[in-house]
Amino acid sequence: MNGPVSIEVLRQHLIDPEICIRCNTCEETCPVDAITHDDNNYVVKADICNGCMACVPPCPTGAIDNWRTVLKADAYPIEEQFTWDVLPEQNTMAVPAADDSPGAGASGDTSADASGIEVDTVRGAVVPPWSAAKPYVNLYTHKAPTTATVVGNYRLTDSTTDSDIHHIVLDFGSMPFPVLEGQSIGILPPGASADGRAHHARPYSVASPRDGERPGYNNVSLTVKRVSEQHGDAIDGVCSNYLCDLKKGDVVNVIGPFGSTFLMPNHPNSHLLMICTGTGSAPMRAMTEYRRRRRLKGATGKLMLFFGARTKEELPYFGPLTNLPKDFIDTNLAFSRTPGQAKRYVQDAMRERAVDVANMLRDDNTHIYVCGLKGMEDGVLQALREIGEQHQMDWDALWAKLKREGRLHLETY
Ligand code: A2P
């Protein structure tokens, strides 16, 4: 006679290839390295994922939050996930009822908490500020994009530099495309990759405020750097070159909007501490411009900006930024390659302004935004720690509070 048959069931974590914008956030966030990618898809290794959920809140599209109940022995291998264009349907096989909540024991008999890993491994907040407006996300997808017309394309960086950064304005005409400062949109470049698959969308942060690049118009602006090299090798960035070469009147396929946490507070006495490099200035421009427009309607919170670039000639928006009134925004620029001057990073500039940064850190109305090069994230967090501790603040406690309250947002790449 046969003994009882043990059927191990897995709540398998999967990523929806139709919605995913390949922004790498999940792979960076995963504390156990269960997520990987190839040129086609981001995928989850079933034998490593422990369902800790750390990757779910930071995902800008929600593509990460997909689960299928499968027999453990039949879990989809990553080689198969790499080939998917759409997720498989939930198999209707008879399996014991599983807890439907996504975080529930992703590895069948193993509790999600067994590893002791908590969502707290994420370095920034996974919730928006309490007063942020409610964002729309995923109104347009890879399968059903919308179109926008190019109404402007201007080079932002000095013609004497190799760094080619453009300010591109896209108009949606009569199609609804509501965006908030801090959100991004996806651009679908035409054509296909070497294996014949259509290019995936590339995400770009919106550089304009919610009421339009031009107030009252249904348009957005983007800050795009032409990518011509990566890790020292010459490459042609498919989407950045496409965007930087666009002419007025060209029509672009767009998806999105994306992002539901890197959003600005809306209470008028909230302070913004913004730290960025290069094109990471896009969301800071959007927030600053919104506050500039809103200031006329009574916003009183402080704005403090730390902005790093190689030289003044390579800093996007240098002219308009330096013309903003000093009593509106406290702007601190850090240049790393000005001939004859010492290399200076944003974190150096923050240390020089430690007393004022500390005053902002002490205030519960302060919201911190960091956007730009991956490398600066450590440096900026370290500078915040040092400044806090020099001013008798317990940084670890403050850091946890900032995250809990949706007041520390990191977007680096
Ligand atoms: P660097 O001169 O060392 O490259 P980019 O032009 O490549 O987008 O970079 C924008 C700015 O960010 C540059 O001034 C660059 O300096 C600077 N940067 C590079 N690495 C870091 C880092 N780890 N922390 C802060 N800033 C950085």
# chains A, B, ... in the order shown; residues from 1 in each chain; ligands from 1
>>> residues_near_ligand(ligand="ligand 1", cutoff="6 Å", atoms="only C-alpha atoms and all ligand atoms", output="list in words")
Thr277, Gly278, Gly308, Ala309, Arg310, Phe335, Ser336, Arg337, Tyr345, Val346, Gly375, Met376 and Gly379 of chain A
>>> select_by_dssp(residues="range 198-385 of chain A", states="alpha helix (DSSP H)", output="number ranges by chain")
A: 238-244, 281-295, 318-322, 346-352, 354-362, 374-385
>>> residues_around(residues="range 179-188 of chain A", least_positions_apart="6", cutoff="6 Å", atoms="only C-alpha atoms", output="list in words")
Ala201, Arg202, Pro203, Tyr204, Ser205, Val206, Pro209, Arg210, Asn253, Val254, Ile255, Gly256, Pro257, Phe258, Gly259, Phe262, Leu263, Pro283, Ala286 and Met287 of chain A
>>> closest_residue(among="A:Ala358, A:Ile15, A:Cys49, A:Asp364", to="Asp33 in chain A", atoms="only C-alpha atoms")
A:Cys49
>>> residues_around(residues="Leu14 in chain A", least_positions_apart="5", cutoff="9 Å", atoms="only C-alpha atoms", output="list in words")
Tyr42, Val43, Val44, Lys45, Ala46, Ala63, Ile64, Asp65, Asn66, Trp67, Arg68, Tyr76, Gln81 and Leu87 of chain A
>>> write_last_selection(atoms="N, CA, C and O atoms", output="compact mmCIF listing (two decimals), in the first residue's frame")
# COMPACT_ATOMS: atom_id res chain seq x y z
N TYR A 42 13.43 40.42 -17.19
CA TYR A 42 13.83 40.28 -15.78
C TYR A 42 13.07 39.07 -15.24
O TYR A 42 11.87 38.92 -15.51
N VAL A 43 13.77 38.22 -14.50
CA VAL A 43 13.19 36.95 -14.05
C VAL A 43 13.56 36.69 -12.58
O VAL A 43 14.50 37.29 -12.06
N VAL A 44 12.81 35.77 -11.97
CA VAL A 44 13.04 35.44 -10.56
C VAL A 44 13.43 33.97 -10.44
O VAL A 44 12.75 33.10 -10.99
N LYS A 45 14.52 33.71 -9.70
CA LYS A 45 14.94 32.33 -9.50
C LYS A 45 14.09 31.72 -8.37
O LYS A 45 14.18 32.18 -7.22
N ALA A 46 13.30 30.70 -8.74
CA ALA A 46 12.35 30.13 -7.79
C ALA A 46 13.05 29.51 -6.58
O ALA A 46 12.53 29.54 -5.47
N ALA A 63 4.87 45.40 -12.21
CA ALA A 63 5.15 44.17 -12.97
C ALA A 63 5.69 43.08 -12.06
O ALA A 63 5.53 41.88 -12.31
N ILE A 64 6.31 43.48 -10.96
CA ILE A 64 6.97 42.55 -10.05
C ILE A 64 5.98 41.73 -9.24
O ILE A 64 6.31 40.66 -8.73
N ASP A 65 4.77 42.23 -9.11
CA ASP A 65 3.84 41.63 -8.15
C ASP A 65 2.96 40.56 -8.82
O ASP A 65 1.74 40.70 -8.89
N ASN A 66 3.60 39.50 -9.32
CA ASN A 66 2.86 38.41 -9.98
C ASN A 66 3.26 37.08 -9.39
O ASN A 66 4.45 36.82 -9.16
N TRP A 67 2.27 36.25 -9.18
CA TRP A 67 2.48 35.00 -8.44
C TRP A 67 1.66 33.90 -9.10
O TRP A 67 0.53 34.14 -9.54
N ARG A 68 2.23 32.73 -9.21
CA ARG A 68 1.52 31.56 -9.74
C ARG A 68 1.72 30.40 -8.78
O ARG A 68 2.85 30.16 -8.34
N TYR A 76 8.68 27.28 -12.92
CA TYR A 76 9.22 27.76 -14.20
C TYR A 76 10.70 28.11 -14.04
O TYR A 76 11.04 28.98 -13.22
N GLN A 81 11.58 31.58 -18.42
CA GLN A 81 11.08 32.95 -18.18
C GLN A 81 11.75 33.97 -19.12
O GLN A 81 11.12 34.93 -19.54
N LEU A 87 3.02 36.53 -19.40
CA LEU A 87 3.05 35.56 -18.30
C LEU A 87 2.15 34.38 -18.63
O LEU A 87 1.11 34.56 -19.28
>>> atom_distance(atom1="CA of Pro128 in chain A", atom2="CA of Cys20 in chain A")
20.8 Å
>>> select_by_dssp(residues="range 44-280 of chain A", states="strand (DSSP E)", output="PyMOL selection string")
chain A and resi 44+66-71+146-155+165-171+184-188+202-205+219-225+229-230+233-234+251-258+271-277
>>> closest_residue(among="A:Ser228, A:Gln382, A:Asn138, A:Thr147", to="Asp164 in chain A", atoms="only C-alpha atoms")
A:Ser228
>>> atom_distance(atom1="CA of Val227 in chain A", atom2="CA of Lys247 in chain A")
18.3 Å
>>> atom_distance(atom1="CA of Val251 in chain A", atom2="CA of Phe172 in chain A")
9.9 Å
>>> closest_residue(among="A:Thr412, A:Thr223, A:Thr300, A:Gln12", to="Asp47 in chain A", atoms="only C-alpha atoms")
A:Gln12
>>> residues_around(residues="Val86 in chain A", least_positions_apart="5", cutoff="8 Å", atoms="only C-alpha atoms", output="VMD selection string")
chain A and resid 16 to 18
>>> decode(residues="range 307-395 of chain A", atoms="C-alpha atoms", output="PDB file, in the first residue's frame")
ATOM      1  CA  PHE A 307      23.574  69.396  -7.926  1.00  0.00           C
ATOM      2  CA  GLY A 308      26.736  67.741  -9.274  1.00  0.00           C
ATOM      3  CA  ALA A 309      28.204  67.800 -12.768  1.00  0.00           C
ATOM      4  CA  ARG A 310      31.644  67.554 -14.332  1.00  0.00           C
ATOM      5  CA  THR A 311      31.752  71.244 -15.237  1.00  0.00           C
ATOM      6  CA  LYS A 312      29.387  74.199 -15.348  1.00  0.00           C
ATOM      7  CA  GLU A 313      29.157  73.715 -19.132  1.00  0.00           C
ATOM      8  CA  GLU A 314      27.855  70.148 -18.605  1.00  0.00           C
ATOM      9  CA  LEU A 315      25.271  71.002 -15.985  1.00  0.00           C
ATOM     10  CA  PRO A 316      21.791  70.817 -17.503  1.00  0.00           C
ATOM     11  CA  TYR A 317      19.592  73.853 -16.782  1.00  0.00           C
ATOM     12  CA  PHE A 318      22.602  75.846 -15.471  1.00  0.00           C
ATOM     13  CA  GLY A 319      21.304  79.197 -16.714  1.00  0.00           C
ATOM     14  CA  PRO A 320      17.675  78.992 -15.542  1.00  0.00           C
ATOM     15  CA  LEU A 321      18.715  77.400 -12.257  1.00  0.00           C
ATOM     16  CA  THR A 322      21.195  80.078 -11.294  1.00  0.00           C
ATOM     17  CA  ASN A 323      18.623  82.748 -12.125  1.00  0.00           C
ATOM     18  CA  LEU A 324      16.087  81.492  -9.567  1.00  0.00           C
ATOM     19  CA  PRO A 325      15.715  83.861  -6.596  1.00  0.00           C
ATOM     20  CA  LYS A 326      17.979  82.992  -3.635  1.00  0.00           C
ATOM     21  CA  ASP A 327      15.082  83.302  -1.212  1.00  0.00           C
ATOM     22  CA  PHE A 328      13.181  80.663  -3.190  1.00  0.00           C
ATOM     23  CA  ILE A 329      15.844  77.952  -3.557  1.00  0.00           C
ATOM     24  CA  ASP A 330      19.203  77.433  -1.879  1.00  0.00           C
ATOM     25  CA  THR A 331      21.270  76.052  -4.786  1.00  0.00           C
ATOM     26  CA  ASN A 332      24.661  74.398  -4.242  1.00  0.00           C
ATOM     27  CA  LEU A 333      26.577  73.260  -7.306  1.00  0.00           C
ATOM     28  CA  ALA A 334      29.484  70.797  -7.171  1.00  0.00           C
ATOM     29  CA  PHE A 335      31.827  70.462 -10.134  1.00  0.00           C
ATOM     30  CA  SER A 336      34.242  67.557 -10.348  1.00  0.00           C
ATOM     31  CA  ARG A 337      36.315  68.459 -13.406  1.00  0.00           C
ATOM     32  CA  THR A 338      36.728  72.211 -13.535  1.00  0.00           C
ATOM     33  CA  PRO A 339      40.290  72.800 -14.733  1.00  0.00           C
ATOM     34  CA  GLY A 340      42.483  74.146 -11.978  1.00  0.00           C
ATOM     35  CA  GLN A 341      39.984  73.308  -9.223  1.00  0.00           C
ATOM     36  CA  ALA A 342      39.794  70.409  -6.779  1.00  0.00           C
ATOM     37  CA  LYS A 343      37.255  67.660  -7.561  1.00  0.00           C
ATOM     38  CA  ARG A 344      34.044  68.372  -5.713  1.00  0.00           C
ATOM     39  CA  TYR A 345      31.038  66.040  -5.342  1.00  0.00           C
ATOM     40  CA  VAL A 346      27.543  66.749  -4.041  1.00  0.00           C
ATOM     41  CA  GLN A 347      28.411  65.099  -0.732  1.00  0.00           C
ATOM     42  CA  ASP A 348      31.342  67.523  -0.292  1.00  0.00           C
ATOM     43  CA  ALA A 349      28.994  70.437  -0.855  1.00  0.00           C
ATOM     44  CA  MET A 350      26.552  68.937   1.687  1.00  0.00           C
ATOM     45  CA  ARG A 351      29.302  68.724   4.308  1.00  0.00           C
ATOM     46  CA  GLU A 352      30.180  72.374   3.687  1.00  0.00           C
ATOM     47  CA  ARG A 353      26.558  73.256   4.403  1.00  0.00           C
ATOM     48  CA  ALA A 354      26.270  70.851   7.339  1.00  0.00           C
ATOM     49  CA  VAL A 355      24.553  73.274   9.725  1.00  0.00           C
ATOM     50  CA  ASP A 356      21.748  74.038   7.263  1.00  0.00           C
ATOM     51  CA  VAL A 357      21.388  70.401   6.189  1.00  0.00           C
ATOM     52  CA  ALA A 358      21.178  69.424   9.872  1.00  0.00           C
ATOM     53  CA  ASN A 359      18.441  72.002  10.431  1.00  0.00           C
ATOM     54  CA  MET A 360      16.490  70.430   7.600  1.00  0.00           C
ATOM     55  CA  LEU A 361      17.081  66.920   8.966  1.00  0.00           C
ATOM     56  CA  ARG A 362      15.652  67.981  12.321  1.00  0.00           C
ATOM     57  CA  ASP A 363      12.410  69.167  10.744  1.00  0.00           C
ATOM     58  CA  ASP A 364       9.613  66.596  10.313  1.00  0.00           C
ATOM     59  CA  ASN A 365       8.425  68.483   7.254  1.00  0.00           C
ATOM     60  CA  THR A 366      11.637  67.787   5.337  1.00  0.00           C
ATOM     61  CA  HIS A 367      11.518  65.348   2.420  1.00  0.00           C
ATOM     62  CA  ILE A 368      14.763  64.144   0.836  1.00  0.00           C
ATOM     63  CA  TYR A 369      15.185  63.184  -2.827  1.00  0.00           C
ATOM     64  CA  VAL A 370      18.328  61.663  -4.350  1.00  0.00           C
ATOM     65  CA  CYS A 371      18.513  61.027  -8.091  1.00  0.00           C
ATOM     66  CA  GLY A 372      21.417  60.341 -10.444  1.00  0.00           C
ATOM     67  CA  LEU A 373      24.518  58.179 -10.516  1.00  0.00           C
ATOM     68  CA  LYS A 374      24.369  54.950  -8.550  1.00  0.00           C
ATOM     69  CA  GLY A 375      27.794  55.692  -7.121  1.00  0.00           C
ATOM     70  CA  MET A 376      26.647  58.793  -5.267  1.00  0.00           C
ATOM     71  CA  GLU A 377      24.016  56.953  -3.197  1.00  0.00           C
ATOM     72  CA  ASP A 378      26.540  55.617  -0.680  1.00  0.00           C
ATOM     73  CA  GLY A 379      28.352  58.935  -0.524  1.00  0.00           C
ATOM     74  CA  VAL A 380      25.164  60.908   0.070  1.00  0.00           C
ATOM     75  CA  LEU A 381      23.858  58.535   2.748  1.00  0.00           C
ATOM     76  CA  GLN A 382      27.256  58.650   4.438  1.00  0.00           C
ATOM     77  CA  ALA A 383      27.253  62.465   4.371  1.00  0.00           C
ATOM     78  CA  LEU A 384      23.734  62.537   5.862  1.00  0.00           C
ATOM     79  CA  ARG A 385      24.865  60.162   8.614  1.00  0.00           C
ATOM     80  CA  GLU A 386      27.915  62.280   9.435  1.00  0.00           C
ATOM     81  CA  ILE A 387      25.968  65.525   9.430  1.00  0.00           C
ATOM     82  CA  GLY A 388      23.226  64.028  11.598  1.00  0.00           C
ATOM     83  CA  GLU A 389      25.661  62.550  14.102  1.00  0.00           C
ATOM     84  CA  GLN A 390      27.741  65.749  14.304  1.00  0.00           C
ATOM     85  CA  HIS A 391      24.531  67.485  15.307  1.00  0.00           C
ATOM     86  CA  GLN A 392      23.514  65.010  18.006  1.00  0.00           C
ATOM     87  CA  MET A 393      20.973  63.071  15.926  1.00  0.00           C
ATOM     88  CA  ASP A 394      20.733  59.288  16.023  1.00  0.00           C
ATOM     89  CA  TRP A 395      21.053  58.689  12.264  1.00  0.00           C
TER      90      TRP A 395
END
